[in-house]
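Q: Sharing a structure here in structure tokens format.
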Amino acid sequence: MSKIDEVFEPALIGKKIPILTLDNKWHQLFTQSDYTSEIKQMEHELNNLIKRQGKVIDENKEIKKLKKKLMDEIVVVADELVRDPSSKKLEKKQDECKRLLTECNEKLDANEEEMVELPRQINRLNKKLMLATMDVCYRRLQKSTQELNEIEDWIGNIRRELKKKVIRKQEKEATINKLYSYMHDIFGPEVIELFDMQFNPEEKYQKAKEAKEAKEAKDAEIKSGEPETEQSVNEGDASKS
């Protein structure tokens with residue numbers, strides 16, 4: 001049994017489904033790859049049924065207007081025939097009006113039957129389209145969930161690898177610091193050129209110290225709300241003297 005028959009169709013029992021092709025959110029669900037030929041065909045058929053329903057409704061309105069006009073005309077002709085019973089022209093006109101009135105009634109009856117059947121066809125096809133939509137969404141969710149899990153696994157592996165690399169980096173820096181300290185004591189500042197060192201522990205320490213001092217100064221300015229300028233410092237020293 002397919003997912004549609006086993007899960008999706010029972011889930012729609014008692015649910016009122018909006019006409020999907022008239023729902024902008026439904027159209028936003030699909031990318032070009034998800035817009036299957038089956039869904040495209042059902043969308044086309046459903047839109048045709050909706051157009052036909054609208055056409056029949058408009059047609060019924062026009063027929064009812066014509067019917068009322070014919071009935072009014074028949075009454076008028078009947079009154080004229082009372083005054084002139086031998087008028088062939090009035091009889092012919094009355095017969096024509098009755099013929100047209102009969103056609104109107106027959107057309108209204110046919111349209112009435114179609115107006116009962118069209119909503120059923122629309123609902124059946126709309127439900128079928130909804131089931132196909134649910135199937136597409138389910139497959140997309142399954143695929144996206146699988147890809148999400150793969151990405152999360154990749155990120156987890158990268159994080160673990162990064163932690164290992166950070167620890168390895170710290171170990172190497174510690175080794176270099178020990179070696180540098182020992183060789184610095186023997187050779188002095190020339191140790192950098194002597195051993196062609198690309199990593200200078202002192203330089204790194206100095207940069208870290210400067211960055212820390214700059215951050216502390218900035219934090220102090222933010223806390224005081226009024227940065228202390230060189231001019232204000234000089235003016236303060238002058239007032240003390």
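Residues in the structure tokens are numbered from 1 in each chain, the chains being A, B, ... in the order shown, and ligands are numbered from 1 in the order shown.
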So which residues touch region 124-141 of chain A within 8 Å, counting only C-alpha atoms, skipping near sequence neighbours fewer than 3 positions away, as a VMD selection string?
A: chain A and resid 3 to 4 8 to 9 17 19 to 20 34 39 42 to 43 46 120 to 121 144 to 145
Q: Write a file of the selected residues as an mmCIF file, in the first residue's frame, keeping N, CA and C atoms.
A:
data_model
loop_
_atom_site.group_PDB
_atom_site.id
_atom_site.type_symbol
_atom_site.label_atom_id
_atom_site.label_comp_id
_atom_site.auth_asym_id
_atom_site.auth_seq_id
_atom_site.Cartn_x
_atom_site.Cartn_y
_atom_site.Cartn_z
ATOM 1 N N LYS A 3 2.035 5.308 0.340
ATOM 2 C CA LYS A 3 1.905 6.310 1.408
ATOM 3 C C LYS A 3 0.625 7.121 1.234
ATOM 4 N N ILE A 4 0.243 7.362 -0.014
ATOM 5 C CA ILE A 4 -0.979 8.136 -0.291
ATOM 6 C C ILE A 4 -2.206 7.409 0.251
ATOM 7 N N PHE A 8 -1.962 9.513 3.734
ATOM 8 C CA PHE A 8 -2.419 10.832 3.302
ATOM 9 C C PHE A 8 -3.934 10.902 3.113
ATOM 10 N N GLU A 9 -4.494 9.914 2.397
ATOM 11 C CA GLU A 9 -5.931 9.966 2.115
ATOM 12 C C GLU A 9 -6.774 9.918 3.393
ATOM 13 N N ILE A 17 -10.713 21.279 2.024
ATOM 14 C CA ILE A 17 -9.516 21.625 1.248
ATOM 15 C C ILE A 17 -9.814 22.832 0.361
ATOM 16 N N ILE A 19 -9.457 25.366 -2.823
ATOM 17 C CA ILE A 19 -9.113 25.104 -4.229
ATOM 18 C C ILE A 19 -7.643 25.465 -4.420
ATOM 19 N N LEU A 20 -6.817 24.460 -4.636
ATOM 20 C CA LEU A 20 -5.364 24.639 -4.593
ATOM 21 C C LEU A 20 -4.844 25.593 -5.659
ATOM 22 N N ASP A 34 10.091 20.128 -8.811
ATOM 23 C CA ASP A 34 8.986 19.455 -8.127
ATOM 24 C C ASP A 34 7.682 19.524 -8.913
ATOM 25 N N ILE A 39 1.155 16.706 -11.788
ATOM 26 C CA ILE A 39 0.588 17.858 -11.085
ATOM 27 C C ILE A 39 0.209 18.950 -12.076
ATOM 28 N N MET A 42 -3.077 17.962 -13.764
ATOM 29 C CA MET A 42 -4.220 18.128 -12.855
ATOM 30 C C MET A 42 -4.548 19.600 -12.634
ATOM 31 N N GLU A 43 -3.513 20.420 -12.537
ATOM 32 C CA GLU A 43 -3.725 21.856 -12.379
ATOM 33 C C GLU A 43 -4.486 22.415 -13.582
ATOM 34 N N LEU A 46 -8.131 21.185 -13.508
ATOM 35 C CA LEU A 46 -8.885 21.837 -12.437
ATOM 36 C C LEU A 46 -9.229 23.275 -12.814
ATOM 37 N N ARG A 120 -18.725 18.602 -7.747
ATOM 38 C CA ARG A 120 -18.248 17.267 -7.413
ATOM 39 C C ARG A 120 -16.947 16.951 -8.145
ATOM 40 N N GLN A 121 -16.928 17.279 -9.444
ATOM 41 C CA GLN A 121 -15.716 17.039 -10.233
ATOM 42 C C GLN A 121 -14.549 17.871 -9.704
ATOM 43 N N SER A 144 15.247 16.528 2.394
ATOM 44 C CA SER A 144 15.849 17.669 3.098
ATOM 45 C C SER A 144 16.329 17.267 4.488
ATOM 46 N N THR A 145 15.551 16.395 5.162
ATOM 47 C CA THR A 145 15.951 15.925 6.491
ATOM 48 C C THR A 145 17.227 15.107 6.407
#
Q: Do you know which residues are at most 7 Å from region 66-74 of chain A counting only C-alpha atoms, after dropping those on the same chain fewer than 4 positions away, and could you put them as JSON, numbers by chain?
A: {"A": [62, 78, 94, 97, 101, 104]}
Q: Report, in Å to a single decimal, how far apart CA of Glu103 (chain A) and CA of Leu81 (chain A) are.
A: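 Straight-line distance from CA of Leu81 (chain A) to CA of Glu103 (chain A) works out to 23.2 Å.
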Q: Using backbone DSSP assignments, extract all alpha helix (DSSP H) residues from region 6-165 of chain A; output them as a short mmCIF file (atom, residue, chain, number, x, y, z; two decimals) with N, CA and C atoms, in the first residue's frame.
A:
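Saved as out-v7.cif:
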data_model
loop_
_atom_site.label_atom_id
_atom_site.label_comp_id
_atom_site.auth_asym_id
_atom_site.auth_seq_id
_atom_site.Cartn_x
_atom_site.Cartn_y
_atom_site.Cartn_z
N GLU A 9 -4.49 9.91 2.40
CA GLU A 9 -5.93 9.97 2.12
C GLU A 9 -6.77 9.92 3.39
N PRO A 10 -6.47 9.00 4.36
CA PRO A 10 -7.23 9.02 5.61
C PRO A 10 -7.10 10.35 6.37
N ALA A 11 -5.96 11.02 6.21
CA ALA A 11 -5.75 12.29 6.93
C ALA A 11 -6.65 13.40 6.40
N ASN A 24 -2.33 31.02 -3.58
CA ASN A 24 -0.97 31.46 -3.91
C ASN A 24 0.09 30.69 -3.13
N LYS A 25 -0.25 30.30 -1.89
CA LYS A 25 0.71 29.54 -1.08
C LYS A 25 1.00 28.18 -1.70
N TRP A 26 -0.01 27.60 -2.34
CA TRP A 26 0.20 26.31 -3.00
C TRP A 26 1.21 26.46 -4.14
N HIS A 27 1.07 27.53 -4.91
CA HIS A 27 2.00 27.75 -6.03
C HIS A 27 3.44 27.96 -5.52
N GLN A 28 3.58 28.56 -4.35
CA GLN A 28 4.91 28.83 -3.80
C GLN A 28 5.61 27.56 -3.30
N SER A 37 4.82 16.48 -14.24
CA SER A 37 3.84 16.50 -15.35
C SER A 37 2.45 16.12 -14.84
N GLU A 38 2.39 15.23 -13.84
CA GLU A 38 1.10 14.81 -13.29
C GLU A 38 0.40 15.99 -12.61
N ILE A 39 1.16 16.71 -11.79
CA ILE A 39 0.59 17.86 -11.08
C ILE A 39 0.21 18.95 -12.08
N LYS A 40 1.05 19.16 -13.07
CA LYS A 40 0.77 20.18 -14.08
C LYS A 40 -0.52 19.86 -14.83
N GLN A 41 -0.72 18.58 -15.18
CA GLN A 41 -1.92 18.17 -15.90
C GLN A 41 -3.17 18.35 -15.03
N MET A 42 -3.08 17.96 -13.76
CA MET A 42 -4.22 18.13 -12.85
C MET A 42 -4.55 19.60 -12.63
N GLU A 43 -3.51 20.42 -12.54
CA GLU A 43 -3.73 21.86 -12.38
C GLU A 43 -4.49 22.41 -13.58
N HIS A 44 -4.08 21.99 -14.78
CA HIS A 44 -4.73 22.45 -16.01
C HIS A 44 -6.20 22.02 -16.05
N GLU A 45 -6.46 20.77 -15.72
CA GLU A 45 -7.84 20.26 -15.74
C GLU A 45 -8.70 20.95 -14.68
N LEU A 46 -8.13 21.19 -13.51
CA LEU A 46 -8.89 21.84 -12.44
C LEU A 46 -9.23 23.28 -12.81
N ASN A 47 -8.28 23.97 -13.40
CA ASN A 47 -8.54 25.35 -13.83
C ASN A 47 -9.63 25.40 -14.90
N ASN A 48 -9.64 24.42 -15.80
CA ASN A 48 -10.68 24.36 -16.83
C ASN A 48 -12.06 24.14 -16.21
N LEU A 49 -12.13 23.26 -15.22
CA LEU A 49 -13.42 23.02 -14.53
C LEU A 49 -13.91 24.28 -13.82
N ILE A 50 -12.98 24.99 -13.19
CA ILE A 50 -13.35 26.23 -12.48
C ILE A 50 -13.85 27.28 -13.48
N LYS A 51 -13.16 27.38 -14.62
CA LYS A 51 -13.59 28.32 -15.66
C LYS A 51 -14.98 27.94 -16.19
N ARG A 52 -15.18 26.64 -16.39
CA ARG A 52 -16.48 26.18 -16.88
C ARG A 52 -17.58 26.50 -15.88
N GLN A 53 -17.29 26.32 -14.62
CA GLN A 53 -18.29 26.63 -13.58
C GLN A 53 -18.66 28.11 -13.62
N GLY A 54 -17.66 28.95 -13.74
CA GLY A 54 -17.92 30.40 -13.82
C GLY A 54 -18.71 30.75 -15.06
N LYS A 55 -18.39 30.08 -16.17
CA LYS A 55 -19.10 30.35 -17.43
C LYS A 55 -20.58 29.96 -17.33
N VAL A 56 -20.85 28.81 -16.72
CA VAL A 56 -22.23 28.34 -16.57
C VAL A 56 -23.01 29.28 -15.66
N ILE A 57 -22.38 29.74 -14.60
CA ILE A 57 -23.06 30.68 -13.68
C ILE A 57 -23.44 31.96 -14.43
N ASP A 58 -22.49 32.51 -15.19
CA ASP A 58 -22.78 33.73 -15.97
C ASP A 58 -23.84 33.47 -17.03
N GLU A 59 -23.77 32.29 -17.64
CA GLU A 59 -24.74 31.94 -18.67
C GLU A 59 -26.14 31.84 -18.08
N ASN A 60 -26.27 31.26 -16.90
CA ASN A 60 -27.57 31.15 -16.24
C ASN A 60 -28.16 32.53 -15.92
N LYS A 61 -27.30 33.43 -15.52
CA LYS A 61 -27.77 34.79 -15.23
C LYS A 61 -28.36 35.43 -16.48
N GLU A 62 -27.68 35.27 -17.61
CA GLU A 62 -28.15 35.86 -18.87
C GLU A 62 -29.45 35.18 -19.33
N ILE A 63 -29.52 33.86 -19.17
CA ILE A 63 -30.74 33.14 -19.59
C ILE A 63 -31.93 33.56 -18.75
N LYS A 64 -31.70 33.73 -17.45
CA LYS A 64 -32.80 34.14 -16.57
C LYS A 64 -33.29 35.55 -16.91
N LYS A 65 -32.35 36.42 -17.31
CA LYS A 65 -32.76 37.76 -17.76
C LYS A 65 -33.62 37.66 -19.02
N LEU A 66 -33.16 36.83 -19.97
CA LEU A 66 -33.89 36.65 -21.21
C LEU A 66 -35.26 36.02 -20.95
N LYS A 67 -35.29 35.05 -20.03
CA LYS A 67 -36.55 34.38 -19.70
C LYS A 67 -37.57 35.38 -19.15
N LYS A 68 -37.10 36.24 -18.25
CA LYS A 68 -38.00 37.25 -17.68
C LYS A 68 -38.53 38.19 -18.76
N LYS A 69 -37.62 38.57 -19.67
CA LYS A 69 -38.02 39.45 -20.77
C LYS A 69 -39.06 38.78 -21.66
N LEU A 70 -38.87 37.48 -21.96
CA LEU A 70 -39.81 36.74 -22.81
C LEU A 70 -41.17 36.60 -22.13
N MET A 71 -41.14 36.33 -20.83
CA MET A 71 -42.40 36.18 -20.10
C MET A 71 -43.19 37.50 -20.09
N ASP A 72 -42.44 38.59 -19.90
CA ASP A 72 -43.10 39.90 -19.93
C ASP A 72 -43.70 40.16 -21.30
N GLU A 73 -42.95 39.76 -22.33
CA GLU A 73 -43.40 39.99 -23.70
C GLU A 73 -44.63 39.13 -24.03
N ILE A 74 -44.63 37.91 -23.51
CA ILE A 74 -45.79 37.02 -23.73
C ILE A 74 -47.05 37.62 -23.12
N VAL A 75 -46.91 38.20 -21.93
CA VAL A 75 -48.06 38.84 -21.27
C VAL A 75 -48.57 40.00 -22.10
N VAL A 76 -47.63 40.78 -22.63
CA VAL A 76 -48.02 41.93 -23.45
C VAL A 76 -48.74 41.47 -24.72
N VAL A 77 -48.18 40.45 -25.38
CA VAL A 77 -48.77 39.93 -26.61
C VAL A 77 -50.15 39.33 -26.32
N ALA A 78 -50.28 38.65 -25.18
CA ALA A 78 -51.58 38.06 -24.82
C ALA A 78 -52.63 39.14 -24.65
N ASP A 79 -52.26 40.25 -24.04
CA ASP A 79 -53.20 41.37 -23.87
C ASP A 79 -53.59 41.94 -25.23
N GLU A 80 -52.63 42.03 -26.15
CA GLU A 80 -52.92 42.57 -27.48
C GLU A 80 -53.82 41.63 -28.27
N LEU A 81 -53.63 40.30 -28.04
CA LEU A 81 -54.48 39.33 -28.74
C LEU A 81 -55.92 39.37 -28.24
N VAL A 82 -56.10 39.77 -27.00
CA VAL A 82 -57.47 39.93 -26.48
C VAL A 82 -58.18 41.02 -27.26
N ARG A 83 -57.42 42.08 -27.56
CA ARG A 83 -58.02 43.19 -28.31
C ARG A 83 -58.12 42.88 -29.81
N LYS A 88 -52.61 37.45 -36.99
CA LYS A 88 -51.66 36.38 -37.22
C LYS A 88 -50.24 36.77 -36.76
N LYS A 89 -49.98 38.04 -36.91
CA LYS A 89 -48.65 38.54 -36.52
C LYS A 89 -48.43 38.37 -35.02
N LEU A 90 -49.46 38.72 -34.24
CA LEU A 90 -49.35 38.58 -32.78
C LEU A 90 -49.26 37.11 -32.37
N GLU A 91 -50.03 36.24 -33.08
CA GLU A 91 -49.98 34.82 -32.78
C GLU A 91 -48.58 34.25 -33.06
N LYS A 92 -48.04 34.67 -34.19
CA LYS A 92 -46.70 34.21 -34.57
C LYS A 92 -45.66 34.69 -33.55
N LYS A 93 -45.81 35.92 -33.11
CA LYS A 93 -44.89 36.47 -32.12
C LYS A 93 -45.01 35.73 -30.79
N GLN A 94 -46.26 35.42 -30.42
CA GLN A 94 -46.48 34.69 -29.17
C GLN A 94 -45.86 33.29 -29.24
N ASP A 95 -46.05 32.62 -30.37
CA ASP A 95 -45.48 31.28 -30.54
C ASP A 95 -43.94 31.31 -30.47
N GLU A 96 -43.37 32.36 -31.09
CA GLU A 96 -41.90 32.49 -31.07
C GLU A 96 -41.39 32.72 -29.65
N CYS A 97 -42.12 33.55 -28.92
CA CYS A 97 -41.72 33.81 -27.53
C CYS A 97 -41.81 32.55 -26.68
N LYS A 98 -42.88 31.76 -26.92
CA LYS A 98 -43.05 30.51 -26.17
C LYS A 98 -41.97 29.50 -26.53
N ARG A 99 -41.61 29.48 -27.83
CA ARG A 99 -40.54 28.57 -28.27
C ARG A 99 -39.21 28.94 -27.60
N LEU A 100 -38.90 30.23 -27.60
CA LEU A 100 -37.66 30.70 -26.96
C LEU A 100 -37.69 30.46 -25.45
N LEU A 101 -38.87 30.63 -24.86
CA LEU A 101 -39.00 30.40 -23.42
C LEU A 101 -38.76 28.93 -23.09
N THR A 102 -39.26 28.05 -23.95
CA THR A 102 -39.02 26.61 -23.76
C THR A 102 -37.54 26.28 -23.86
N GLU A 103 -36.85 26.89 -24.83
CA GLU A 103 -35.41 26.68 -24.99
C GLU A 103 -34.66 27.17 -23.75
N CYS A 104 -35.10 28.31 -23.21
CA CYS A 104 -34.47 28.85 -21.99
C CYS A 104 -34.61 27.87 -20.83
N ASN A 105 -35.82 27.33 -20.69
CA ASN A 105 -36.06 26.39 -19.60
C ASN A 105 -35.23 25.11 -19.76
N GLU A 106 -35.13 24.64 -20.99
CA GLU A 106 -34.34 23.43 -21.26
C GLU A 106 -32.86 23.69 -20.96
N LYS A 107 -32.38 24.86 -21.36
CA LYS A 107 -30.97 25.21 -21.12
C LYS A 107 -30.70 25.38 -19.64
N LEU A 108 -31.64 25.99 -18.92
CA LEU A 108 -31.49 26.15 -17.47
C LEU A 108 -31.47 24.79 -16.77
N ASP A 109 -32.31 23.87 -17.23
CA ASP A 109 -32.34 22.53 -16.63
C ASP A 109 -31.01 21.82 -16.87
N ALA A 110 -30.49 21.94 -18.09
CA ALA A 110 -29.21 21.30 -18.41
C ALA A 110 -28.08 21.91 -17.58
N ASN A 111 -28.11 23.24 -17.48
CA ASN A 111 -27.08 23.92 -16.70
C ASN A 111 -27.19 23.57 -15.21
N GLU A 112 -28.44 23.37 -14.76
CA GLU A 112 -28.66 23.04 -13.36
C GLU A 112 -28.01 21.70 -13.03
N GLU A 113 -28.15 20.76 -13.94
CA GLU A 113 -27.51 19.46 -13.75
C GLU A 113 -25.99 19.59 -13.75
N GLU A 114 -25.49 20.42 -14.66
CA GLU A 114 -24.04 20.63 -14.72
C GLU A 114 -23.54 21.34 -13.48
N MET A 115 -24.34 22.27 -12.93
CA MET A 115 -23.94 23.00 -11.74
C MET A 115 -23.90 22.09 -10.51
N VAL A 116 -24.64 21.00 -10.56
CA VAL A 116 -24.57 20.01 -9.48
C VAL A 116 -23.34 19.13 -9.64
N GLU A 117 -23.02 18.78 -10.88
CA GLU A 117 -21.92 17.86 -11.15
C GLU A 117 -20.55 18.56 -11.09
N LEU A 118 -20.48 19.80 -11.54
CA LEU A 118 -19.19 20.50 -11.58
C LEU A 118 -18.50 20.59 -10.21
N PRO A 119 -19.20 21.00 -9.16
CA PRO A 119 -18.54 21.04 -7.84
C PRO A 119 -18.00 19.68 -7.40
N ARG A 120 -18.73 18.60 -7.75
CA ARG A 120 -18.25 17.27 -7.41
C ARG A 120 -16.95 16.95 -8.14
N GLN A 121 -16.93 17.28 -9.44
CA GLN A 121 -15.72 17.04 -10.23
C GLN A 121 -14.55 17.87 -9.70
N ILE A 122 -14.84 19.13 -9.37
CA ILE A 122 -13.80 20.03 -8.85
C ILE A 122 -13.25 19.49 -7.53
N ASN A 123 -14.13 19.06 -6.65
CA ASN A 123 -13.69 18.55 -5.34
C ASN A 123 -12.87 17.27 -5.49
N ARG A 124 -13.33 16.38 -6.39
CA ARG A 124 -12.59 15.12 -6.59
C ARG A 124 -11.19 15.39 -7.12
N LEU A 125 -11.11 16.25 -8.13
CA LEU A 125 -9.81 16.55 -8.74
C LEU A 125 -8.93 17.35 -7.78
N ASN A 126 -9.54 18.24 -7.03
CA ASN A 126 -8.79 19.04 -6.06
C ASN A 126 -8.19 18.14 -4.96
N LYS A 127 -8.97 17.16 -4.54
CA LYS A 127 -8.47 16.20 -3.54
C LYS A 127 -7.32 15.38 -4.11
N LYS A 128 -7.48 14.94 -5.36
CA LYS A 128 -6.42 14.18 -6.02
C LYS A 128 -5.14 15.00 -6.12
N LEU A 129 -5.31 16.28 -6.46
CA LEU A 129 -4.16 17.18 -6.54
C LEU A 129 -3.52 17.39 -5.17
N MET A 130 -4.35 17.45 -4.13
CA MET A 130 -3.84 17.61 -2.77
C MET A 130 -3.01 16.40 -2.35
N LEU A 131 -3.48 15.21 -2.71
CA LEU A 131 -2.74 13.99 -2.38
C LEU A 131 -1.39 13.95 -3.09
N ALA A 132 -1.39 14.37 -4.37
CA ALA A 132 -0.13 14.43 -5.11
C ALA A 132 0.80 15.46 -4.49
N THR A 133 0.23 16.57 -4.04
CA THR A 133 1.03 17.62 -3.38
C THR A 133 1.64 17.10 -2.08
N MET A 134 0.84 16.39 -1.30
CA MET A 134 1.33 15.83 -0.04
C MET A 134 2.46 14.84 -0.29
N ASP A 135 2.33 14.07 -1.36
CA ASP A 135 3.38 13.10 -1.70
C ASP A 135 4.67 13.81 -2.06
N VAL A 136 4.57 14.87 -2.86
CA VAL A 136 5.76 15.65 -3.23
C VAL A 136 6.40 16.28 -2.00
N CYS A 137 5.56 16.87 -1.13
CA CYS A 137 6.07 17.51 0.08
C CYS A 137 6.74 16.50 1.00
N TYR A 138 6.14 15.31 1.11
CA TYR A 138 6.71 14.26 1.96
C TYR A 138 8.10 13.87 1.46
N ARG A 139 8.20 13.65 0.15
CA ARG A 139 9.50 13.27 -0.41
C ARG A 139 10.53 14.38 -0.25
N ARG A 140 10.08 15.63 -0.39
CA ARG A 140 11.00 16.76 -0.20
C ARG A 140 11.47 16.85 1.26
N LEU A 141 10.53 16.63 2.19
CA LEU A 141 10.88 16.66 3.61
C LEU A 141 11.88 15.55 3.95
N GLN A 142 11.64 14.35 3.41
CA GLN A 142 12.53 13.23 3.66
C GLN A 142 13.94 13.53 3.13
N LYS A 143 13.99 14.04 1.91
CA LYS A 143 15.29 14.35 1.30
C LYS A 143 16.01 15.48 2.05
N SER A 144 15.25 16.53 2.39
CA SER A 144 15.85 17.67 3.10
C SER A 144 16.33 17.27 4.49
N THR A 145 15.55 16.39 5.16
CA THR A 145 15.95 15.93 6.49
C THR A 145 17.23 15.11 6.41
N GLN A 146 17.31 14.26 5.40
CA GLN A 146 18.52 13.46 5.21
C GLN A 146 19.73 14.36 4.96
N GLU A 147 19.55 15.36 4.08
CA GLU A 147 20.65 16.28 3.79
C GLU A 147 21.03 17.09 5.03
N LEU A 148 20.01 17.49 5.83
CA LEU A 148 20.28 18.23 7.06
C LEU A 148 21.10 17.39 8.03
N ASN A 149 20.75 16.11 8.17
CA ASN A 149 21.51 15.22 9.05
C ASN A 149 22.94 15.07 8.58
N GLU A 150 23.11 14.97 7.26
CA GLU A 150 24.47 14.85 6.71
C GLU A 150 25.29 16.11 6.99
N ILE A 151 24.63 17.28 6.85
CA ILE A 151 25.33 18.54 7.12
C ILE A 151 25.70 18.65 8.60
N GLU A 152 24.75 18.25 9.48
CA GLU A 152 25.04 18.30 10.92
C GLU A 152 26.18 17.36 11.29
N ASP A 153 26.20 16.18 10.67
CA ASP A 153 27.32 15.25 10.91
C ASP A 153 28.63 15.85 10.44
N TRP A 154 28.59 16.49 9.27
CA TRP A 154 29.80 17.12 8.73
C TRP A 154 30.30 18.22 9.65
N ILE A 155 29.36 19.05 10.13
CA ILE A 155 29.73 20.14 11.04
C ILE A 155 30.31 19.58 12.33
N GLY A 156 29.69 18.50 12.86
CA GLY A 156 30.20 17.87 14.08
C GLY A 156 31.61 17.35 13.89
N ASN A 157 31.86 16.72 12.74
CA ASN A 157 33.20 16.20 12.46
C ASN A 157 34.21 17.33 12.34
N ILE A 158 33.79 18.42 11.67
CA ILE A 158 34.68 19.56 11.52
C ILE A 158 35.00 20.19 12.87
N ARG A 159 33.99 20.28 13.75
CA ARG A 159 34.21 20.85 15.08
C ARG A 159 35.19 20.00 15.87
N ARG A 160 35.01 18.67 15.81
CA ARG A 160 35.95 17.79 16.53
C ARG A 160 37.36 17.91 15.97
N GLU A 161 37.44 17.98 14.65
CA GLU A 161 38.74 18.13 14.00
C GLU A 161 39.37 19.47 14.36
N LEU A 162 38.51 20.51 14.43
CA LEU A 162 39.00 21.84 14.78
C LEU A 162 39.55 21.86 16.20
N LYS A 163 38.84 21.21 17.13
CA LYS A 163 39.31 21.14 18.51
C LYS A 163 40.67 20.44 18.59
N LYS A 164 40.81 19.36 17.81
CA LYS A 164 42.09 18.65 17.77
C LYS A 164 43.19 19.56 17.24
N LYS A 165 42.87 20.30 16.18
CA LYS A 165 43.87 21.19 15.58
C LYS A 165 44.25 22.31 16.54
#
Q: Provide the CA of Glu210 (chain A) to CA of Ile222 (chain A) distance in Å, to one decimal place.
A: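 Taking CA of Glu210 (chain A) and CA of Ile222 (chain A), their separation equals 18.4 Å.
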Q: May I ask for the distance between CA of Ile167 (chain A) and CA of Tyr182 (chain A), given in Å to one decimal place?
A: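 Separation of CA of Ile167 (chain A) and CA of Tyr182 (chain A): 22.9 Å.
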